[in-house]
$ cat coords00.pdb   # PDB, C-alpha atoms
ATOM      1  CA  MET D   1    -126.032   4.661 -19.978
ATOM      2  CA  GLU D   2    -124.698   7.656 -21.854
ATOM      3  CA  THR D   3    -121.384   7.312 -20.031
ATOM      4  CA  LYS D   4    -120.986   3.725 -21.131
ATOM      5  CA  LEU D   5    -121.835   4.713 -24.666
ATOM      6  CA  PHE D   6    -119.175   7.497 -24.544
ATOM      7  CA  PHE D   7    -116.461   5.178 -23.292
ATOM      8  CA  LYS D   8    -117.429   2.585 -25.857
ATOM      9  CA  GLU D   9    -117.179   5.087 -28.713
ATOM     10  CA  THR D  10    -113.956   6.496 -27.300
ATOM     11  CA  SER D  11    -112.474   3.039 -27.022
ATOM     12  CA  SER D  12    -113.518   2.269 -30.565
ATOM     13  CA  LEU D  13    -111.944   5.552 -31.702
ATOM     14  CA  PHE D  14    -108.620   4.746 -30.009
ATOM     15  CA  VAL D  15    -108.623   1.293 -31.553
ATOM     16  CA  ARG D  16    -109.104   2.771 -35.010
ATOM     17  CA  LEU D  17    -106.507   5.474 -34.290
ATOM     18  CA  HIS D  18    -104.018   2.820 -33.147
ATOM     19  CA  GLU D  19    -104.737   0.753 -36.209
ATOM     20  CA  ASN D  20    -104.308   3.797 -38.463
ATOM     21  CA  THR D  21    -101.093   4.745 -36.667
ATOM     22  CA  ASN D  22     -99.719   1.246 -37.090
ATOM     23  CA  ARG D  23    -100.747   1.227 -40.725
ATOM     24  CA  ILE D  24     -99.156   4.665 -41.343
ATOM     25  CA  PHE D  25     -95.968   3.586 -39.518
ATOM     26  CA  TYR D  26     -95.837   0.379 -41.506
ATOM     27  CA  GLU D  27     -96.445   2.204 -44.770
ATOM     28  CA  SER D  28     -93.872   4.886 -43.862
ATOM     29  CA  THR D  29     -91.337   2.266 -42.871
ATOM     30  CA  THR D  30     -91.997   0.352 -46.046
ATOM     31  CA  ARG D  31     -91.706   3.537 -48.108
ATOM     32  CA  MET D  32     -88.434   4.470 -46.360
ATOM     33  CA  GLN D  33     -87.081   1.011 -47.026
ATOM     34  CA  GLN D  34     -88.098   1.338 -50.656
ATOM     35  CA  VAL D  35     -86.497   4.794 -50.874
ATOM     36  CA  GLU D  36     -83.338   3.498 -49.185
ATOM     37  CA  ALA D  37     -83.252   0.523 -51.539
ATOM     38  CA  THR D  38     -83.743   2.851 -54.489
ATOM     39  CA  LEU D  39     -80.967   5.150 -53.254
ATOM     40  CA  ALA D  40     -78.687   2.182 -52.613
ATOM     41  CA  ALA D  41     -79.363   0.894 -56.107
ATOM     42  CA  GLN D  42     -78.715   4.325 -57.574
ATOM     43  CA  GLN D  43     -75.498   4.642 -55.545
ATOM     44  CA  GLU D  44     -74.416   1.212 -56.720
ATOM     45  CA  ARG D  45     -75.152   2.167 -60.313
ATOM     46  CA  TYR D  46     -73.223   5.424 -59.783
ATOM     47  CA  ARG D  47     -70.266   3.551 -58.309
ATOM     48  CA  ASN D  48     -70.375   1.058 -61.136
ATOM     49  CA  ALA D  49     -70.582   3.868 -63.665
ATOM     50  CA  GLN D  50     -67.745   5.688 -61.919
ATOM     51  CA  THR D  51     -65.639   2.534 -61.865
ATOM     52  CA  LEU D  52     -66.438   1.954 -65.516
ATOM     53  CA  LEU D  53     -65.569   5.546 -66.350
ATOM     54  CA  VAL D  54     -62.287   5.341 -64.448
ATOM     55  CA  GLY D  55     -61.544   2.076 -66.178
ATOM     56  CA  LEU D  56     -62.302   3.558 -69.565
ATOM     57  CA  VAL D  57     -60.184   6.607 -68.826
ATOM     58  CA  LEU D  58     -57.361   4.393 -67.582
ATOM     59  CA  LEU D  59     -57.676   2.200 -70.659
ATOM     60  CA  ILE D  60     -57.597   5.246 -72.904
ATOM     61  CA  VAL D  61     -54.618   6.651 -71.037
ATOM     62  CA  LEU D  62     -52.775   3.352 -71.199
ATOM     63  CA  THR D  63     -53.633   2.901 -74.860
ATOM     64  CA  VAL D  64     -52.718   6.436 -75.822
ATOM     65  CA  GLY D  65     -49.739   6.358 -73.493
ATOM     66  CA  GLY D  66     -48.562   3.130 -75.033
ATOM     67  CA  LEU D  67     -48.951   4.543 -78.508
ATOM     68  CA  LEU D  68     -47.229   7.742 -77.466
ATOM     69  CA  GLY D  69     -44.542   5.783 -75.668
ATOM     70  CA  ARG D  70     -43.854   3.681 -78.743
ATOM     71  CA  GLN D  71     -43.912   6.778 -80.903
ATOM     72  CA  ILE D  72     -41.583   8.584 -78.515
ATOM     73  CA  SER D  73     -39.307   5.542 -78.433
ATOM     74  CA  ARG D  74     -39.209   5.501 -82.228
ATOM     75  CA  ILE D  75     -38.504   9.231 -82.304
ATOM     76  CA  ASN D  76     -35.767   8.839 -79.673
ATOM     77  CA  TYR D  77     -34.243   5.987 -81.652
ATOM     78  CA  ARG D  78     -34.271   8.067 -84.810
ATOM     79  CA  LEU D  79     -32.795  11.022 -82.935
ATOM     80  CA  GLN D  80     -30.077   8.834 -81.439
ATOM     81  CA  THR D  81     -29.348   7.338 -84.846
ATOM     82  CA  SER D  82     -29.292  10.789 -86.436
ATOM     83  CA  ASN D  83     -27.076  12.051 -83.619
ATOM     84  CA  LEU D  84     -24.653   9.181 -84.141
ATOM     85  CA  ASP D  85     -24.655   9.844 -87.883
ATOM     86  CA  LEU D  86     -24.054  13.532 -87.199
ATOM     87  CA  GLN D  87     -21.217  12.727 -84.804
ATOM     88  CA  ARG D  88     -19.639  10.430 -87.379
ATOM     89  CA  ALA D  89     -20.053  13.114 -90.038
ATOM     90  CA  ASN D  90     -18.525  15.721 -87.719
ATOM     91  CA  ARG D  91     -15.595  13.448 -86.921
ATOM     92  CA  ALA D  92     -15.092  12.784 -90.613
ATOM     93  CA  ALA D  93     -15.273  16.517 -91.373
ATOM     94  CA  GLU D  94     -12.834  17.314 -88.554
ATOM     95  CA  ALA D  95     -10.471  14.608 -89.780
ATOM     96  CA  ALA D  96     -10.727  15.959 -93.326
ATOM     97  CA  LEU D  97     -10.080  19.484 -92.044
ATOM     98  CA  ARG D  98      -7.044  18.313 -90.064
ATOM     99  CA  LEU D  99      -5.777  16.458 -93.124
ATOM    100  CA  SER D 100      -6.376  19.526 -95.286
ATOM    101  CA  ARG D 101      -4.581  21.773 -92.796
ATOM    102  CA  ALA D 102      -1.715  19.296 -92.552
ATOM    103  CA  ALA D 103      -1.475  19.204 -96.350
ATOM    104  CA  GLU D 104      -1.551  23.017 -96.489
ATOM    105  CA  TYR D 105       1.184  23.193 -93.874
ATOM    106  CA  GLU D 106       3.343  20.727 -95.791
ATOM    107  CA  ILE D 107       2.837  22.693 -99.017
ATOM    108  CA  CYS D 108       3.800  25.951 -97.309
ATOM    109  CA  LEU D 109       6.698  24.290 -95.520
ATOM    110  CA  ARG D 110       8.040  22.709 -98.723
ATOM    111  CA  LEU D 111       7.755  25.975-100.633
ATOM    112  CA  GLY D 112       9.513  27.762 -97.795
ATOM    113  CA  ARG D 113      12.262  25.156 -97.692
ATOM    114  CA  ALA D 114      12.700  25.405-101.453
ATOM    115  CA  ALA D 115      13.581  29.064-100.943
ATOM    116  CA  GLU D 116      15.878  28.164 -98.052
ATOM    117  CA  PHE D 117      17.835  25.711-100.180
ATOM    118  CA  ARG D 118      18.537  28.644-102.442
ATOM    119  CA  ASP D 119      19.663  30.657 -99.415
ATOM    120  CA  LEU D 120      21.378  27.667 -97.740
ATOM    121  CA  GLU D 121      19.106  27.909 -94.726
ATOM    122  CA  THR D 122      18.133  24.686 -92.950
ATOM    123  CA  GLY D 123      14.619  23.324 -92.724
ATOM    124  CA  GLN D 124      14.559  24.077 -89.014
ATOM    125  CA  HIS D 125      14.646  27.812 -89.744
ATOM    126  CA  THR D 126      11.300  27.480 -91.513
ATOM    127  CA  ARG D 127       9.834  25.525 -88.613
ATOM    128  CA  ARG D 128      11.204  28.000 -86.085
ATOM    129  CA  ILE D 129       9.624  30.928 -87.928
ATOM    130  CA  SER D 130       6.319  29.051 -88.123
ATOM    131  CA  GLU D 131       6.273  28.202 -84.415
ATOM    132  CA  MET D 132       7.523  31.571 -83.199
ATOM    133  CA  ALA D 133       5.148  33.532 -85.451
ATOM    134  CA  ALA D 134       2.148  31.486 -84.276
ATOM    135  CA  THR D 135       3.222  31.937 -80.656
ATOM    136  CA  LEU D 136       3.590  35.703 -81.014
ATOM    137  CA  ALA D 137       0.224  35.856 -82.804
ATOM    138  CA  THR D 138      -1.415  34.104 -79.858
ATOM    139  CA  LEU D 139       0.295  36.379 -77.327
ATOM    140  CA  ALA D 140      -0.804  39.405 -79.368
ATOM    141  CA  GLY D 141      -4.447  38.324 -79.036
ATOM    142  CA  LEU D 142      -5.181  36.943 -82.500
ATOM    143  CA  SER D 143      -7.940  34.336 -82.761
ATOM    144  CA  HIS D 144      -7.117  30.637 -82.827
ATOM    145  CA  GLU D 145      -8.137  30.438 -86.491
ATOM    146  CA  MET D 146      -5.915  33.384 -87.419
ATOM    147  CA  THR D 147      -3.035  32.005 -85.366
ATOM    148  CA  GLU D 148      -3.234  28.731 -87.273
ATOM    149  CA  LEU D 149      -3.192  30.630 -90.569
ATOM    150  CA  VAL D 150      -0.059  32.461 -89.402
ATOM    151  CA  ARG D 151       1.503  29.093 -88.549
ATOM    152  CA  LEU D 152       0.728  27.835 -92.053
ATOM    153  CA  ALA D 153       1.612  30.980 -93.993
ATOM    154  CA  SER D 154       4.743  32.289 -92.255
ATOM    155  CA  PRO D 155       7.137  29.740 -93.867
ATOM    156  CA  LEU D 156       6.398  31.452 -97.197
ATOM    157  CA  HIS D 157       7.951  34.777 -96.191
ATOM    158  CA  ASP D 158      11.109  34.281 -98.306
ATOM    159  CA  VAL D 159       9.646  32.137-101.094
ATOM    160  CA  GLY D 160      10.574  34.831-103.638
ATOM    161  CA  LYS D 161      14.268  34.046-103.125
ATOM    162  CA  VAL D 162      13.895  31.209-105.629
ATOM    163  CA  GLY D 163      14.163  33.927-108.294
ATOM    164  CA  ILE D 164      17.335  35.611-106.972
ATOM    165  CA  PRO D 165      20.623  34.666-108.751
ATOM    166  CA  ASP D 166      23.193  32.655-106.760
ATOM    167  CA  GLN D 167      25.968  35.185-107.323
ATOM    168  CA  VAL D 168      23.916  37.718-105.390
ATOM    169  CA  LEU D 169      22.167  35.466-102.898
ATOM    170  CA  LEU D 170      25.345  33.615-101.872
ATOM    171  CA  LYS D 171      27.782  36.510-101.955
ATOM    172  CA  PRO D 172      29.821  36.243 -98.733
ATOM    173  CA  GLY D 173      30.649  39.943 -98.475
ATOM    174  CA  LYS D 174      28.671  43.150 -98.420
ATOM    175  CA  LEU D 175      26.298  43.670-101.338
ATOM    176  CA  ASN D 176      26.613  46.737-103.564
ATOM    177  CA  ASP D 177      23.586  48.918-104.296
ATOM    178  CA  GLN D 178      22.589  47.045-107.443
ATOM    179  CA  GLU D 179      22.896  43.671-105.724
ATOM    180  CA  MET D 180      20.867  44.972-102.798
ATOM    181  CA  GLN D 181      18.111  46.053-105.166
ATOM    182  CA  THR D 182      18.175  42.575-106.706
ATOM    183  CA  VAL D 183      17.819  40.885-103.305
ATOM    184  CA  ARG D 184      14.950  43.181-102.394
ATOM    185  CA  LEU D 185      13.058  41.905-105.416
ATOM    186  CA  HIS D 186      12.361  38.667-103.528
ATOM    187  CA  THR D 187       9.407  40.387-101.821
ATOM    188  CA  VAL D 188       7.859  41.283-105.175
ATOM    189  CA  LEU D 189       8.646  37.856-106.637
ATOM    190  CA  GLY D 190       7.093  36.135-103.613
ATOM    191  CA  GLU D 191       3.921  38.181-103.937
ATOM    192  CA  LYS D 192       3.646  37.360-107.657
ATOM    193  CA  LEU D 193       4.360  33.680-107.066
ATOM    194  CA  LEU D 194       1.425  33.452-104.653
ATOM    195  CA  ALA D 195      -0.845  35.905-106.495
ATOM    196  CA  GLU D 196      -3.277  33.278-107.819
ATOM    197  CA  ALA D 197      -3.760  31.490-104.499
ATOM    198  CA  GLY D 198      -6.974  33.223-103.415
ATOM    199  CA  SER D 199      -8.847  29.942-102.856
ATOM    200  CA  PHE D 200      -6.280  28.904-100.229
ATOM    201  CA  PRO D 201      -6.361  31.236 -97.193
ATOM    202  CA  SER D 202      -2.913  30.152 -96.012
ATOM    203  CA  LEU D 203      -1.316  30.877 -99.390
ATOM    204  CA  GLU D 204      -3.203  34.164 -99.665
ATOM    205  CA  LEU D 205      -1.891  35.217 -96.255
ATOM    206  CA  GLY D 206       1.541  33.945 -97.290
ATOM    207  CA  ARG D 207       1.362  36.333-100.233
ATOM    208  CA  THR D 208       0.769  39.273 -97.873
ATOM    209  CA  ILE D 209       3.585  38.208 -95.561
ATOM    210  CA  ALA D 210       5.999  37.637 -98.456
ATOM    211  CA  ALA D 211       5.236  41.112 -99.814
ATOM    212  CA  GLN D 212       5.410  43.032 -96.520
ATOM    213  CA  HIS D 213       7.807  41.317 -94.106
ATOM    214  CA  HIS D 214      10.611  43.782 -94.993
ATOM    215  CA  GLU D 215       8.447  46.866 -94.476
ATOM    216  CA  LYS D 216       9.500  48.897 -91.419
ATOM    217  CA  TRP D 217       7.423  50.596 -88.757
ATOM    218  CA  ASP D 218       8.900  54.020 -89.567
ATOM    219  CA  GLY D 219       8.194  53.658 -93.308
ATOM    220  CA  SER D 220      11.826  53.114 -94.378
ATOM    221  CA  GLY D 221      11.325  49.493 -95.485
ATOM    222  CA  TYR D 222      10.670  47.932 -98.883
ATOM    223  CA  PRO D 223       9.168  47.334-101.403
ATOM    224  CA  ASN D 224       6.417  49.938-100.852
ATOM    225  CA  GLY D 225       7.585  52.000 -97.890
ATOM    226  CA  LEU D 226       4.521  51.138 -95.825
ATOM    227  CA  ARG D 227       4.374  52.704 -92.375
ATOM    228  CA  GLY D 228       2.960  51.671 -89.000
ATOM    229  CA  GLU D 229      -0.392  49.914 -89.047
ATOM    230  CA  ASP D 230      -0.546  50.136 -92.845
ATOM    231  CA  ILE D 231       1.700  47.077 -92.637
ATOM    232  CA  ASP D 232      -0.382  43.946 -92.099
ATOM    233  CA  LEU D 233      -0.228  42.717 -88.504
ATOM    234  CA  THR D 234       0.850  39.234 -89.578
ATOM    235  CA  ALA D 235       3.764  40.680 -91.561
ATOM    236  CA  ARG D 236       4.799  42.742 -88.511
ATOM    237  CA  ILE D 237       4.775  39.548 -86.464
ATOM    238  CA  VAL D 238       6.925  37.653 -88.976
ATOM    239  CA  THR D 239       9.362  40.583 -89.225
ATOM    240  CA  ILE D 240      10.149  40.346 -85.507
ATOM    241  CA  VAL D 241      10.643  36.581 -85.309
ATOM    242  CA  ASP D 242      12.492  36.371 -88.646
ATOM    243  CA  ILE D 243      15.054  39.012 -87.700
ATOM    244  CA  PHE D 244      15.453  37.520 -84.218
ATOM    245  CA  ASP D 245      16.183  34.088 -85.699
ATOM    246  CA  ALA D 246      18.447  35.558 -88.400
ATOM    247  CA  LEU D 247      20.546  37.418 -85.824
ATOM    248  CA  LEU D 248      21.226  34.172 -83.959
ATOM    249  CA  SER D 249      21.928  32.159 -87.137
ATOM    250  CA  GLU D 250      25.038  31.828 -89.262
ATOM    251  CA  ARG D 251      24.715  33.112 -92.813
ATOM    252  CA  PRO D 252      27.164  33.140 -95.757
ATOM    253  CA  TYR D 253      27.880  36.795 -95.021
ATOM    254  CA  LYS D 254      27.994  36.756 -91.183
ATOM    255  CA  LYS D 255      28.614  34.824 -88.002
ATOM    256  CA  PRO D 256      25.795  34.413 -85.472
ATOM    257  CA  PHE D 257      25.343  37.111 -82.838
ATOM    258  CA  SER D 258      25.202  36.266 -79.154
ATOM    259  CA  MET D 259      21.845  36.396 -77.381
ATOM    260  CA  ASP D 260      22.761  39.655 -75.625
ATOM    261  CA  GLN D 261      23.812  41.224 -78.928
ATOM    262  CA  ALA D 262      20.641  40.038 -80.650
ATOM    263  CA  VAL D 263      18.420  41.438 -77.883
ATOM    264  CA  ALA D 264      20.256  44.784 -78.003
ATOM    265  CA  ILE D 265      19.800  45.019 -81.788
ATOM    266  CA  MET D 266      16.110  44.181 -81.457
ATOM    267  CA  GLU D 267      15.670  46.921 -78.843
ATOM    268  CA  GLU D 268      17.409  49.426 -81.118
ATOM    269  CA  GLY D 269      14.807  48.614 -83.762
ATOM    270  CA  ARG D 270      11.847  49.423 -81.483
ATOM    271  CA  GLY D 271       9.596  51.909 -83.289
ATOM    272  CA  VAL D 272      12.011  51.931 -86.252
ATOM    273  CA  PHE D 273      12.004  48.427 -87.715
ATOM    274  CA  PHE D 274       9.434  46.909 -85.375
ATOM    275  CA  ASP D 275       5.930  47.590 -84.103
ATOM    276  CA  PRO D 276       6.791  48.790 -80.561
ATOM    277  CA  GLN D 277       3.803  47.109 -78.920
ATOM    278  CA  LEU D 278       4.465  43.783 -80.631
ATOM    279  CA  LEU D 279       8.135  43.987 -79.700
ATOM    280  CA  GLU D 280       7.118  44.637 -76.087
ATOM    281  CA  VAL D 281       5.064  41.435 -76.103
ATOM    282  CA  PHE D 282       7.946  39.559 -77.720
ATOM    283  CA  MET D 283      10.493  40.774 -75.174
ATOM    284  CA  LYS D 284       8.159  40.064 -72.260
ATOM    285  CA  HIS D 285       8.020  36.425 -73.373
ATOM    286  CA  LEU D 286      11.566  36.184 -74.740
ATOM    287  CA  SER D 287      12.268  32.948 -72.859
ATOM    288  CA  THR D 288       9.391  31.277 -74.728
ATOM    289  CA  PHE D 289      10.919  32.131 -78.099
ATOM    290  CA  VAL D 290      14.396  31.097 -76.967
ATOM    291  CA  ALA D 291      12.919  27.743 -75.913
ATOM    292  CA  ILE D 292      11.360  27.289 -79.367
ATOM    293  CA  ARG D 293      14.677  28.069 -81.011
ATOM    294  CA  ASN D 294      16.538  25.654 -78.740
ATOM    295  CA  ARG D 295      13.991  22.917 -79.409
ATOM    296  CA  LEU D 296      14.263  23.364 -83.185
ATOM    297  CA  GLN D 297      18.016  23.746 -83.498
ATOM    298  CA  ASP D 298      19.733  23.029 -86.819
ATOM    299  CA  ASN D 299      21.182  19.527 -86.757
ATOM    300  CA  GLN D 300      24.738  18.735 -87.781
ATOM    301  CA  GLU D 301      23.712  16.839 -90.911
ATOM    302  CA  GLU D 302      21.787  19.825 -92.271
ATOM    303  CA  ARG D 303      24.651  22.196 -91.480
ATOM    304  CA  GLU D 304      27.106  19.936 -93.305
ATOM    305  CA  LEU D 305      24.745  19.676 -96.280
ATOM    306  CA  ALA D 306      24.434  23.469 -96.391
ATOM    307  CA  GLY D 307      28.224  23.740 -96.276
ATOM    308  CA  ARG D 308      28.678  21.324 -99.179
ATOM    309  CA  LEU D 309      26.015  23.116-101.205
ATOM    310  CA  LEU D 310      27.673  26.444-100.496
ATOM    311  CA  ALA D 311      31.069  25.147-101.574
ATOM    312  CA  GLY D 312      29.718  23.583-104.761
ATOM    313  CA  ARG D 313      27.613  26.560-105.759
ATOM    314  CA  ALA D 314      30.419  28.998-104.960
ATOM    315  CA  VAL D 315      32.551  27.171-107.517
ATOM    316  CA  GLU D 316      29.696  27.423-110.042
ATOM    317  CA  VAL D 317      29.319  31.135-109.370
ATOM    318  CA  LYS D 318      33.050  31.735-109.864
ATOM    319  CA  GLY D 319      32.993  29.670-113.045
TER     320      GLY D 319
END
$ encode --input "coords00.pdb" --output "structure tokens"
Amino acid sequence: METKLFFKETSSLFVRLHENTNRIFYESTTRMQQVEATLAAQQERYRNAQTLLVGLVLLIVLTVGGLLGRQISRINYRLQTSNLDLQRANRAAEAALRLSRAAEYEICLRLGRAAEFRDLETGQHTRRISEMAATLATLAGLSHEMTELVRLASPLHDVGKVGIPDQVLLKPGKLNDQEMQTVRLHTVLGEKLLAEAGSFPSLELGRTIAAQHHEKWDGSGYPNGLRGEDIDLTARIVTIVDIFDALLSERPYKKPFSMDQAVAIMEEGRGVFFDPQLLEVFMKHLSTFVAIRNRLQDNQEERELAGRLLAGRAVEVKG
């Protein structure tokens, strides 16, 4: 009887335990499902929030980027427009500078030729001196700007001859001491003629060249007996090319020398008349200067005009 009662109670206990286990499993499963659903909902909300955030960021980036892009485009357009304006202004300034330089060159050339008409030189002599002086300046290492000034200013070297009387300037024979002193005044006259040209660099340099191109390296030149590097470098340059061209040219008082004779005379003047280093550069590139002279030869018409002027003015001088 007790055994039956034990088994009955045990069976009842197992039934209740099974029921409790099932209930706990069901409740646990339900709770897990609820937790999973809650987590899934939270994850979905997180993904939605993340998507929204990315969208907002992208929208902001696109909006700001678009604004920046338009702003950058406007800035680029303005820069391009300003750059074009600047380029046009630069081209206009360069054109004006070229025109100004061309006008300066013509002024210097005309003044130089005015002196040559007094001396019965041809216009090509002025151009030869200009080209040869600029070439020697370049070979001597002067800057491009300074070389161009030498090109402009060198035709003015003899501008003072406009103040020398014909009877002295055109005398076919040897000059006496007084006449020589008169001719030498052309350096002083040239300097005075160009004395008020300080606002024009080419004319100011022309003044220096006009005053010093007859100074000699050893100090025996005129008008001030300057020596060596006390003589302006540009004047030393013009001295070399002017004497070289004069030796090969016909003058009222002499026939032209041959090239060999001219070269020999130039060499004799090394360290006496001429800066020895400059003369070395000149001689090293002699063929270049000969080519310039050959390219700018006096034409027959100019020689005939000079001859007629000489004949007419010689009659006036005698009268």
$ residues_around --input "coords00.pdb" --residues "Arg128 of chain D" --least-positions-apart "5" --cutoff "8 Å" --atoms "only C-alpha atoms" --output "PDB file with C-alpha atoms, keeping the file's coordinate frame"
ATOM      1  CA  ASP D 245      16.183  34.088 -85.699  1.00  0.00           C
ATOM      2  CA  ILE D 292      11.360  27.289 -79.367  1.00  0.00           C
ATOM      3  CA  ARG D 293      14.677  28.069 -81.011  1.00  0.00           C
ATOM      4  CA  LEU D 296      14.263  23.364 -83.185  1.00  0.00           C
TER       5      LEU D 296
END
$ residues_around --input "coords00.pdb" --residues "Thr147 of chain D" --least-positions-apart "2" --cutoff "10 Å" --atoms "all atoms listed in the file" --output "short mmCIF file (atom, residue, chain, number, x, y, z; two decimals) with C-alpha atoms, keeping the file's coordinate frame"
data_model
loop_
_atom_site.label_atom_id
_atom_site.label_comp_id
_atom_site.auth_asym_id
_atom_site.auth_seq_id
_atom_site.Cartn_x
_atom_site.Cartn_y
_atom_site.Cartn_z
CA ALA D 133 5.15 33.53 -85.45
CA ALA D 134 2.15 31.49 -84.28
CA THR D 135 3.22 31.94 -80.66
CA LEU D 136 3.59 35.70 -81.01
CA ALA D 137 0.22 35.86 -82.80
CA THR D 138 -1.42 34.10 -79.86
CA LEU D 139 0.30 36.38 -77.33
CA ALA D 140 -0.80 39.40 -79.37
CA GLY D 141 -4.45 38.32 -79.04
CA LEU D 142 -5.18 36.94 -82.50
CA SER D 143 -7.94 34.34 -82.76
CA HIS D 144 -7.12 30.64 -82.83
CA GLU D 145 -8.14 30.44 -86.49
CA LEU D 149 -3.19 30.63 -90.57
CA VAL D 150 -0.06 32.46 -89.40
CA ARG D 151 1.50 29.09 -88.55
CA LEU D 152 0.73 27.84 -92.05
CA ALA D 153 1.61 30.98 -93.99
CA THR D 234 0.85 39.23 -89.58
#
$ residues_around --input "coords00.pdb" --residues "Gly225 of chain D" --least-positions-apart "6" --cutoff "10 Å" --atoms "only C-alpha atoms" --output "list of chain:residue names"
D:Gln212, D:His214, D:Glu215, D:Lys216, D:Trp217, D:Asp218, D:Gly219, D:Ile231
$ atom_distance --input "coords00.pdb" --atom1 "atom CA of Ser220 of chain D" --atom2 "atom CA of Val272 of chain D"
8.2 Å
$ atom_distance --input "coords00.pdb" --atom1 "atom CA of Glu267 of chain D" --atom2 "atom CA of Val188 of chain D"
28.0 Å
$ residues_around --input "coords00.pdb" --residues "Leu205 of chain D" --least-positions-apart "3" --cutoff "10 Å" --atoms "all atoms listed in the file" --output "ChimeraX atom specification"
/D:146,149-150,152-154,156-157,194,197-198,200-202,208-211,232,234-235
$ write_last_selection --input "coords00.pdb" --atoms "C-alpha atoms" --output "mmCIF file, keeping the file's coordinate frame"
data_model
loop_
_atom_site.group_PDB
_atom_site.id
_atom_site.type_symbol
_atom_site.label_atom_id
_atom_site.label_comp_id
_atom_site.auth_asym_id
_atom_site.auth_seq_id
_atom_site.Cartn_x
_atom_site.Cartn_y
_atom_site.Cartn_z
ATOM 1 C CA MET D 146 -5.915 33.384 -87.419
ATOM 2 C CA LEU D 149 -3.192 30.630 -90.569
ATOM 3 C CA VAL D 150 -0.059 32.461 -89.402
ATOM 4 C CA LEU D 152 0.728 27.835 -92.053
ATOM 5 C CA ALA D 153 1.612 30.980 -93.993
ATOM 6 C CA SER D 154 4.743 32.289 -92.255
ATOM 7 C CA LEU D 156 6.398 31.452 -97.197
ATOM 8 C CA HIS D 157 7.951 34.777 -96.191
ATOM 9 C CA LEU D 194 1.425 33.452 -104.653
ATOM 10 C CA ALA D 197 -3.760 31.490 -104.499
ATOM 11 C CA GLY D 198 -6.974 33.223 -103.415
ATOM 12 C CA PHE D 200 -6.280 28.904 -100.229
ATOM 13 C CA PRO D 201 -6.361 31.236 -97.193
ATOM 14 C CA SER D 202 -2.913 30.152 -96.012
ATOM 15 C CA THR D 208 0.769 39.273 -97.873
ATOM 16 C CA ILE D 209 3.585 38.208 -95.561
ATOM 17 C CA ALA D 210 5.999 37.637 -98.456
ATOM 18 C CA ALA D 211 5.236 41.112 -99.814
ATOM 19 C CA ASP D 232 -0.382 43.946 -92.099
ATOM 20 C CA THR D 234 0.850 39.234 -89.578
ATOM 21 C CA ALA D 235 3.764 40.680 -91.561
#
$ resolve_selection --input "coords00.pdb" --expression "the PyMOL selection byres ((chain D and resi 262) around 10)" --output "number ranges by chain"
D: 243-248, 256-261, 263-268
$ atom_distance --input "coords00.pdb" --atom1 "atom CA of Gly221 of chain D" --atom2 "atom CA of Ile107 of chain D"
28.3 Å
$ closest_residue --input "coords00.pdb" --among "D:Asp275, D:Glu204, D:Glu36, D:Glu131" --to "Asp230 of chain D" --atoms "all atoms listed in the file"
D:Asp275
$ closest_residue --input "coords00.pdb" --among "D:Ala40, D:Val168, D:Met132, D:Val162" --to "Thr182 of chain D" --atoms "only C-alpha atoms"
D:Val168
